[in-house]
Amino acid sequence: MQRVDVAIPCYNYAHFLEECVESVLSQAGVDVRVLILDDCSPDNTPEVGMALASRDKRVTYRRHAANMGHIATYNEGIDWAGGDLFLLLSADDYLLPGALGRSAELMRNYPDVGFAFGNALIAEPDCMMSKRADPLGDNNVHPMQILSGPQFMRLSGASNLVPTPTAVVRTALQKQVGAYHKELPHAGDMEMWLRLASHAGVGFINDDQAVYRRHATNMSLQYYGENILSDLRQRKKAFDILFSHAADSLKKDEVIRRFLARDLGKKALQQAGIAFNNFDIATAVAIQRFAMEVSPEVRNSLPWIKLVCKQTIGPKYWYALNSIRRRVAA
C-alpha cells in the first residue's frame with residue numbers, strides 16, 4: 001500500500017478535529033499517518049489532539065508555543081511529510097470514504113501525474129450540505145480524467161479550481177517545487193496548484209472526495225467592497241511569483257502568461273460591474289483601472305463593453321432599466 005501523510009493544521013477547531021482525524025484513519029487501501037499541527041489554539045485543541053494521539057499510534061500531535069499563521073503551519077507539514085503522497089487537510093474539513101484510495105490508485109496508474117483532486121460537498125454553518133463543488137462541471141465528465149499541465153492552467157485561469165481538501169500530491173514533487181509563499185496568505189493554494197501543474201500532469205476524480213465547511217468569513221460570490229481589489233492584487237502577485245518559481249517551460253510560455261493575465265482582467269471587470277450595481281462607483285473605477293494594468297487586451301472583452309455601457313447610462317438609470325427587465329421577465 002502507498003503511504004499517505006496527512007498534515008492537519010488546526011486553529012480553534014477542537015470541535016471539528018476528531019471527525020477530521022477519524023475520516024483519515026478510516027480510509028481503506030492506503031497506509032496513513034497523521035500530524036495534527038495546533039497553531040497555539042486558545043480552545044481545548046490540546047486535550048482533543050493529545051487524546052487522539054494516545055488512542056492511535058498513527059497520529060502525532062504538535063502544539064506551537066506561539067501562533068505562527070497558516071502559511072508557516074502548512075510548510076511545517078510539508079517538511080514533515082515523507083510518505084508516497086501528501087495531503088493538507090484543514091481541521092474543519094473531512095474526507096469521505098474511499099477518497100485516499102481513489103487518489104492513490106490514480107497516482108499509481110499514472111506516474112506522470114503530480115497531484116490529483118476531485119469534487120467536494122459543501123457544508124453550511126448549520127451543518128446542512130448545500131451543494132457540490134464540481135470543478136469540471138457534471139456534464140459528460142469521465143470518472144477519471146488526466147490533464148496536462150497547460151490544460152489544467154487553462155481550466156483554472158485566475159481562480160482556484162481545486163477544492164483544497166481533495167488535493168493529494170506526490171510528496172517528492174511537493175518537496176521539489178517548494179513551500180507555500182508567505183506573501184500569498186489568500187492566494188497560496190491557487191499558486192501552488194499552478195506551480196505543481198507546471199512540472200507534471202494533473203488527475204481529476206469525478207467523485208465526492210471530501211467535505212468543505214463554509215463559514216460566514218469565507219462565503220464566496222459576495223460583493224465585499226474595496227476588499228475585492230486587495231484579493232485581485234494578490235492573485236496578480238500569485239502569477240508574478242508563479243512565473244519566477246515555476247518550471248522553465250512555463251517561464252518561457254508567453255501564451256499561458258497572457259491567458260492568465262487576460263482571465264484575471266476579465267474577472268476583475270466582473271467585480272467592477274458588481275461594485276457599480278452597488279452604487280460604489282469609486283471602487284468600480286479602481287477595479288477597472290486594475291484590469292487595464294493587468295491586461296490591456298480586456299478593452300475588447302464583453303465584460304468591458306458591459307461595464308462601459310453601465311457607466312454611460314449611469315447607475316440610477318441602469319438600476320431602473322434592470323428593474324423593468326426583471327418585471328417583464330417575471
# chains A, B, ... in the order shown; residues from 1 in each chain; ligands from 1

$ residues_around --residues "region 154-171 of chain A" --least-positions-apart "3" --cutoff "8 Å" --atoms "only C-alpha atoms" --output "JSON, numbers by chain"
{"A": [81, 82, 83, 84, 85, 86, 87, 88, 89, 90, 93, 94, 95, 99, 100, 103, 114, 115, 116, 117, 118, 119, 120, 133, 135, 150, 151, 174, 175, 189, 190, 193, 209, 210, 211, 212, 235, 256, 259, 260, 261, 263, 264, 267]}

$ write_last_selection --atoms "C-alpha atoms" --output "PDB file, in the first residue's frame"
ATOM      1  CA  ALA A  81       5.907  14.574   5.084  1.00  0.00           C
ATOM      2  CA  GLY A  82       7.904  11.546   3.999  1.00  0.00           C
ATOM      3  CA  GLY A  83       5.411   9.107   2.514  1.00  0.00           C
ATOM      4  CA  ASP A  84       4.488   8.490  -1.108  1.00  0.00           C
ATOM      5  CA  LEU A  85       1.652  11.013  -1.110  1.00  0.00           C
ATOM      6  CA  PHE A  86       0.773  14.107   0.891  1.00  0.00           C
ATOM      7  CA  LEU A  87      -2.424  15.956   1.805  1.00  0.00           C
ATOM      8  CA  LEU A  88      -3.007  19.196   3.706  1.00  0.00           C
ATOM      9  CA  LEU A  89      -6.405  18.870   5.370  1.00  0.00           C
ATOM     10  CA  SER A  90      -7.816  21.711   7.438  1.00  0.00           C
ATOM     11  CA  ASP A  93     -12.933  19.752   6.784  1.00  0.00           C
ATOM     12  CA  TYR A  94     -13.032  15.961   6.486  1.00  0.00           C
ATOM     13  CA  LEU A  95     -12.564  13.167   3.951  1.00  0.00           C
ATOM     14  CA  ALA A  99     -11.093   9.286  -1.100  1.00  0.00           C
ATOM     15  CA  LEU A 100      -7.431   8.460  -0.469  1.00  0.00           C
ATOM     16  CA  SER A 103      -6.320   9.167  -5.314  1.00  0.00           C
ATOM     17  CA  GLY A 114       1.823  15.189  -9.910  1.00  0.00           C
ATOM     18  CA  PHE A 115      -1.376  15.700  -7.957  1.00  0.00           C
ATOM     19  CA  ALA A 116      -4.996  14.615  -8.036  1.00  0.00           C
ATOM     20  CA  PHE A 117      -8.185  16.353  -6.922  1.00  0.00           C
ATOM     21  CA  GLY A 118     -11.923  15.743  -7.048  1.00  0.00           C
ATOM     22  CA  ASN A 119     -15.356  17.009  -6.137  1.00  0.00           C
ATOM     23  CA  ALA A 120     -16.281  18.196  -2.664  1.00  0.00           C
ATOM     24  CA  ALA A 133     -18.177  21.769  -5.749  1.00  0.00           C
ATOM     25  CA  PRO A 135     -14.608  21.769 -10.598  1.00  0.00           C
ATOM     26  CA  PRO A 150      -1.258  23.583 -19.661  1.00  0.00           C
ATOM     27  CA  GLN A 151      -4.756  22.078 -19.873  1.00  0.00           C
ATOM     28  CA  GLN A 174       5.863  18.779  -3.343  1.00  0.00           C
ATOM     29  CA  LYS A 175       9.385  18.820  -1.916  1.00  0.00           C
ATOM     30  CA  ASP A 189      -3.480  27.455  -2.872  1.00  0.00           C
ATOM     31  CA  MET A 190      -4.176  28.741  -6.382  1.00  0.00           C
ATOM     32  CA  TRP A 193      -1.705  24.088  -7.905  1.00  0.00           C
ATOM     33  CA  GLN A 209     -13.748  13.173  -2.106  1.00  0.00           C
ATOM     34  CA  ALA A 210     -14.195  15.465   0.891  1.00  0.00           C
ATOM     35  CA  VAL A 211     -16.474  17.858   2.745  1.00  0.00           C
ATOM     36  CA  TYR A 212     -15.530  21.522   2.837  1.00  0.00           C
ATOM     37  CA  ARG A 235      -3.936  36.958  -7.477  1.00  0.00           C
ATOM     38  CA  ILE A 256      -0.121  30.945 -20.914  1.00  0.00           C
ATOM     39  CA  PHE A 259      -4.038  33.922 -20.976  1.00  0.00           C
ATOM     40  CA  LEU A 260      -3.819  34.081 -17.171  1.00  0.00           C
ATOM     41  CA  ALA A 261      -3.445  37.878 -17.217  1.00  0.00           C
ATOM     42  CA  ASP A 263      -8.567  35.941 -17.413  1.00  0.00           C
ATOM     43  CA  LEU A 264      -7.685  37.917 -14.288  1.00  0.00           C
ATOM     44  CA  LYS A 267     -12.746  38.550 -13.597  1.00  0.00           C
TER      45      LYS A 267
END

$ select_by_dssp --residues "region 102-221 of chain A" --states "strand (DSSP E or B)" --output "MDAnalysis selection string"
chainID A and resid 113:123 129:133 144:147 168:170 201:213

$ closest_residue --among "A:Asp56, A:Asp208, A:Glu105, A:Asp43" --to "Ala14 (chain A)" --atoms "only C-alpha atoms"
A:Asp43

$ select_by_dssp --residues "region 115-328 of chain A" --states "alpha helix (DSSP H)" --output "MDAnalysis selection string"
chainID A and resid 149:156 171:177 188:197 227:245 248:251 254:277 281:294 302:313 315:328

$ residues_around --residues "Gly201 (chain A)" --least-positions-apart "2" --cutoff "10 Å" --atoms "only C-alpha atoms" --output "PDB file with N, CA and C atoms, in the first residue's frame"
ATOM      1  N   TYR A 110      -0.919   6.358 -13.125  1.00  0.00           N
ATOM      2  CA  TYR A 110      -0.431   7.435 -13.993  1.00  0.00           C
ATOM      3  C   TYR A 110       0.765   8.113 -13.323  1.00  0.00           C
ATOM      4  N   PRO A 111       1.959   7.564 -13.524  1.00  0.00           N
ATOM      5  CA  PRO A 111       3.149   8.093 -12.841  1.00  0.00           C
ATOM      6  C   PRO A 111       3.521   9.511 -13.246  1.00  0.00           C
ATOM      7  N   ASP A 112       2.989  10.021 -14.357  1.00  0.00           N
ATOM      8  CA  ASP A 112       3.300  11.390 -14.764  1.00  0.00           C
ATOM      9  C   ASP A 112       2.393  12.422 -14.100  1.00  0.00           C
ATOM     10  N   VAL A 113       1.410  11.967 -13.338  1.00  0.00           N
ATOM     11  CA  VAL A 113       0.508  12.886 -12.634  1.00  0.00           C
ATOM     12  C   VAL A 113       1.163  13.334 -11.330  1.00  0.00           C
ATOM     13  N   GLY A 114       1.187  14.650 -11.108  1.00  0.00           N
ATOM     14  CA  GLY A 114       1.823  15.189  -9.910  1.00  0.00           C
ATOM     15  C   GLY A 114       0.885  15.370  -8.742  1.00  0.00           C
ATOM     16  N   PHE A 115      -0.382  15.650  -9.033  1.00  0.00           N
ATOM     17  CA  PHE A 115      -1.376  15.700  -7.957  1.00  0.00           C
ATOM     18  C   PHE A 115      -2.747  15.392  -8.535  1.00  0.00           C
ATOM     19  N   ALA A 116      -3.643  14.963  -7.633  1.00  0.00           N
ATOM     20  CA  ALA A 116      -4.996  14.615  -8.036  1.00  0.00           C
ATOM     21  C   ALA A 116      -5.983  15.348  -7.138  1.00  0.00           C
ATOM     22  N   ILE A 146      -7.296  12.742 -16.951  1.00  0.00           N
ATOM     23  CA  ILE A 146      -5.911  13.167 -16.833  1.00  0.00           C
ATOM     24  C   ILE A 146      -5.718  14.420 -17.682  1.00  0.00           C
ATOM     25  N   LEU A 147      -5.198  15.461 -17.059  1.00  0.00           N
ATOM     26  CA  LEU A 147      -4.982  16.744 -17.720  1.00  0.00           C
ATOM     27  C   LEU A 147      -3.489  17.018 -17.806  1.00  0.00           C
ATOM     28  N   SER A 148      -3.055  17.571 -18.932  1.00  0.00           N
ATOM     29  CA  SER A 148      -1.682  18.072 -18.986  1.00  0.00           C
ATOM     30  C   SER A 148      -1.605  19.338 -18.139  1.00  0.00           C
ATOM     31  N   GLY A 149      -0.385  19.752 -17.795  1.00  0.00           N
ATOM     32  CA  GLY A 149      -0.223  20.987 -17.027  1.00  0.00           C
ATOM     33  C   GLY A 149      -0.894  22.179 -17.688  1.00  0.00           C
ATOM     34  N   PRO A 150      -0.611  22.443 -18.988  1.00  0.00           N
ATOM     35  CA  PRO A 150      -1.258  23.583 -19.661  1.00  0.00           C
ATOM     36  C   PRO A 150      -2.778  23.467 -19.712  1.00  0.00           C
ATOM     37  N   GLN A 151      -3.306  22.245 -19.883  1.00  0.00           N
ATOM     38  CA  GLN A 151      -4.756  22.078 -19.873  1.00  0.00           C
ATOM     39  C   GLN A 151      -5.342  22.501 -18.526  1.00  0.00           C
ATOM     40  N   PHE A 152      -4.693  22.068 -17.458  1.00  0.00           N
ATOM     41  CA  PHE A 152      -5.177  22.437 -16.123  1.00  0.00           C
ATOM     42  C   PHE A 152      -5.123  23.949 -15.931  1.00  0.00           C
ATOM     43  N   LEU A 196       2.578  23.308  -9.292  1.00  0.00           N
ATOM     44  CA  LEU A 196       2.695  21.854  -9.447  1.00  0.00           C
ATOM     45  C   LEU A 196       2.395  21.434 -10.883  1.00  0.00           C
ATOM     46  N   ALA A 197       1.362  22.061 -11.486  1.00  0.00           N
ATOM     47  CA  ALA A 197       0.972  21.720 -12.854  1.00  0.00           C
ATOM     48  C   ALA A 197       2.029  22.118 -13.879  1.00  0.00           C
ATOM     49  N   SER A 198       2.920  23.043 -13.513  1.00  0.00           N
ATOM     50  CA  SER A 198       3.994  23.412 -14.437  1.00  0.00           C
ATOM     51  C   SER A 198       5.078  22.338 -14.499  1.00  0.00           C
ATOM     52  N   HIS A 199       5.035  21.396 -13.555  1.00  0.00           N
ATOM     53  CA  HIS A 199       6.036  20.331 -13.502  1.00  0.00           C
ATOM     54  C   HIS A 199       5.485  18.957 -13.869  1.00  0.00           C
ATOM     55  N   GLY A 203      -4.454  14.899 -12.209  1.00  0.00           N
ATOM     56  CA  GLY A 203      -5.542  13.941 -12.284  1.00  0.00           C
ATOM     57  C   GLY A 203      -6.805  14.487 -11.647  1.00  0.00           C
TER      58      GLY A 203
END

$ decode --residues "region 164-197 of chain A" --atoms "N, CA and C atoms" --output "mmCIF file, in the first residue's frame"
data_model
loop_
_atom_site.group_PDB
_atom_site.id
_atom_site.type_symbol
_atom_site.label_atom_id
_atom_site.label_comp_id
_atom_site.auth_asym_id
_atom_site.auth_seq_id
_atom_site.Cartn_x
_atom_site.Cartn_y
_atom_site.Cartn_z
ATOM 1 N N THR A 164 -9.559 22.366 -1.924
ATOM 2 C CA THR A 164 -8.305 22.055 -1.242
ATOM 3 C C THR A 164 -8.306 20.736 -0.467
ATOM 4 N N PRO A 165 -9.383 20.363 0.250
ATOM 5 C CA PRO A 165 -9.314 19.095 0.994
ATOM 6 C C PRO A 165 -9.272 17.850 0.125
ATOM 7 N N THR A 166 -9.395 18.019 -1.208
ATOM 8 C CA THR A 166 -9.346 16.858 -2.103
ATOM 9 C C THR A 166 -7.992 16.704 -2.782
ATOM 10 N N ALA A 167 -7.054 17.634 -2.572
ATOM 11 C CA ALA A 167 -5.809 17.682 -3.350
ATOM 12 C C ALA A 167 -4.722 16.804 -2.732
ATOM 13 N N VAL A 168 -4.456 15.669 -3.360
ATOM 14 C CA VAL A 168 -3.414 14.745 -2.907
ATOM 15 C C VAL A 168 -2.219 14.885 -3.850
ATOM 16 N N VAL A 169 -1.040 15.163 -3.280
ATOM 17 C CA VAL A 169 0.159 15.499 -4.055
ATOM 18 C C VAL A 169 1.226 14.424 -3.854
ATOM 19 N N ARG A 170 1.989 14.161 -4.903
ATOM 20 C CA ARG A 170 3.175 13.310 -4.718
ATOM 21 C C ARG A 170 4.151 14.052 -3.809
ATOM 22 N N THR A 171 4.554 13.403 -2.744
ATOM 23 C CA THR A 171 5.420 14.062 -1.769
ATOM 24 C C THR A 171 6.727 14.514 -2.407
ATOM 25 N N ALA A 172 7.306 13.693 -3.258
ATOM 26 C CA ALA A 172 8.582 14.055 -3.892
ATOM 27 C C ALA A 172 8.434 15.324 -4.725
ATOM 28 N N LEU A 173 7.309 15.460 -5.451
ATOM 29 C CA LEU A 173 7.100 16.664 -6.255
ATOM 30 C C LEU A 173 6.859 17.872 -5.361
ATOM 31 N N GLN A 174 6.111 17.671 -4.265
ATOM 32 C CA GLN A 174 5.863 18.779 -3.343
ATOM 33 C C GLN A 174 7.179 19.304 -2.770
ATOM 34 N N LYS A 175 8.072 18.400 -2.420
ATOM 35 C CA LYS A 175 9.385 18.820 -1.916
ATOM 36 C C LYS A 175 10.180 19.535 -3.015
ATOM 37 N N GLN A 176 10.036 19.052 -4.240
ATOM 38 C CA GLN A 176 10.784 19.641 -5.360
ATOM 39 C C GLN A 176 10.344 21.073 -5.635
ATOM 40 N N VAL A 177 9.030 21.323 -5.662
ATOM 41 C CA VAL A 177 8.551 22.668 -6.031
ATOM 42 C C VAL A 177 8.645 23.645 -4.870
ATOM 43 N N GLY A 178 8.752 23.136 -3.647
ATOM 44 C CA GLY A 178 8.947 24.028 -2.514
ATOM 45 C C GLY A 178 7.678 24.359 -1.749
ATOM 46 N N ALA A 179 7.821 25.312 -0.856
ATOM 47 C CA ALA A 179 6.787 25.619 0.132
ATOM 48 C C ALA A 179 5.805 26.669 -0.373
ATOM 49 N N TYR A 180 4.787 26.907 0.454
ATOM 50 C CA TYR A 180 3.850 27.998 0.206
ATOM 51 C C TYR A 180 4.543 29.326 0.491
ATOM 52 N N HIS A 181 4.142 30.370 -0.223
ATOM 53 C CA HIS A 181 4.768 31.676 -0.076
ATOM 54 C C HIS A 181 4.012 32.532 0.957
ATOM 55 N N LYS A 182 4.763 33.083 1.902
ATOM 56 C CA LYS A 182 4.136 33.892 2.941
ATOM 57 C C LYS A 182 3.501 35.160 2.386
ATOM 58 N N GLU A 183 3.926 35.577 1.187
ATOM 59 C CA GLU A 183 3.363 36.784 0.575
ATOM 60 C C GLU A 183 1.958 36.535 0.028
ATOM 61 N N LEU A 184 1.519 35.271 0.038
ATOM 62 C CA LEU A 184 0.224 34.925 -0.546
ATOM 63 C C LEU A 184 -0.680 34.250 0.490
ATOM 64 N N PRO A 185 -1.105 34.978 1.508
ATOM 65 C CA PRO A 185 -1.937 34.344 2.539
ATOM 66 C C PRO A 185 -3.306 33.908 2.039
ATOM 67 N N HIS A 186 -3.805 34.531 0.952
ATOM 68 C CA HIS A 186 -5.141 34.198 0.461
ATOM 69 C C HIS A 186 -5.136 33.554 -0.928
ATOM 70 N N ALA A 187 -4.044 33.632 -1.647
ATOM 71 C CA ALA A 187 -3.979 33.045 -2.996
ATOM 72 C C ALA A 187 -2.920 31.953 -3.082
ATOM 73 N N GLY A 188 -2.440 31.486 -1.936
ATOM 74 C CA GLY A 188 -1.374 30.484 -1.926
ATOM 75 C C GLY A 188 -1.780 29.170 -2.552
ATOM 76 N N ASP A 189 -3.024 28.715 -2.291
ATOM 77 C CA ASP A 189 -3.480 27.455 -2.872
ATOM 78 C C ASP A 189 -3.495 27.531 -4.393
ATOM 79 N N MET A 190 -4.088 28.594 -4.929
ATOM 80 C CA MET A 190 -4.176 28.741 -6.382
ATOM 81 C C MET A 190 -2.788 28.705 -7.018
ATOM 82 N N GLU A 191 -1.844 29.441 -6.427
ATOM 83 C CA GLU A 191 -0.490 29.477 -6.974
ATOM 84 C C GLU A 191 0.176 28.112 -6.864
ATOM 85 N N MET A 192 -0.059 27.396 -5.780
ATOM 86 C CA MET A 192 0.571 26.093 -5.588
ATOM 87 C C MET A 192 0.097 25.094 -6.629
ATOM 88 N N TRP A 193 -1.211 25.053 -6.916
ATOM 89 C CA TRP A 193 -1.705 24.088 -7.905
ATOM 90 C C TRP A 193 -1.131 24.405 -9.286
ATOM 91 N N LEU A 194 -1.044 25.680 -9.618
ATOM 92 C CA LEU A 194 -0.470 26.052 -10.908
ATOM 93 C C LEU A 194 1.022 25.713 -10.965
ATOM 94 N N ARG A 195 1.722 25.922 -9.848
ATOM 95 C CA ARG A 195 3.156 25.604 -9.809
ATOM 96 C C ARG A 195 3.375 24.102 -9.979
ATOM 97 N N LEU A 196 2.578 23.308 -9.292
ATOM 98 C CA LEU A 196 2.695 21.854 -9.447
ATOM 99 C C LEU A 196 2.395 21.434 -10.883
ATOM 100 N N ALA A 197 1.362 22.061 -11.486
ATOM 101 C CA ALA A 197 0.972 21.720 -12.854
ATOM 102 C C ALA A 197 2.029 22.118 -13.879
#
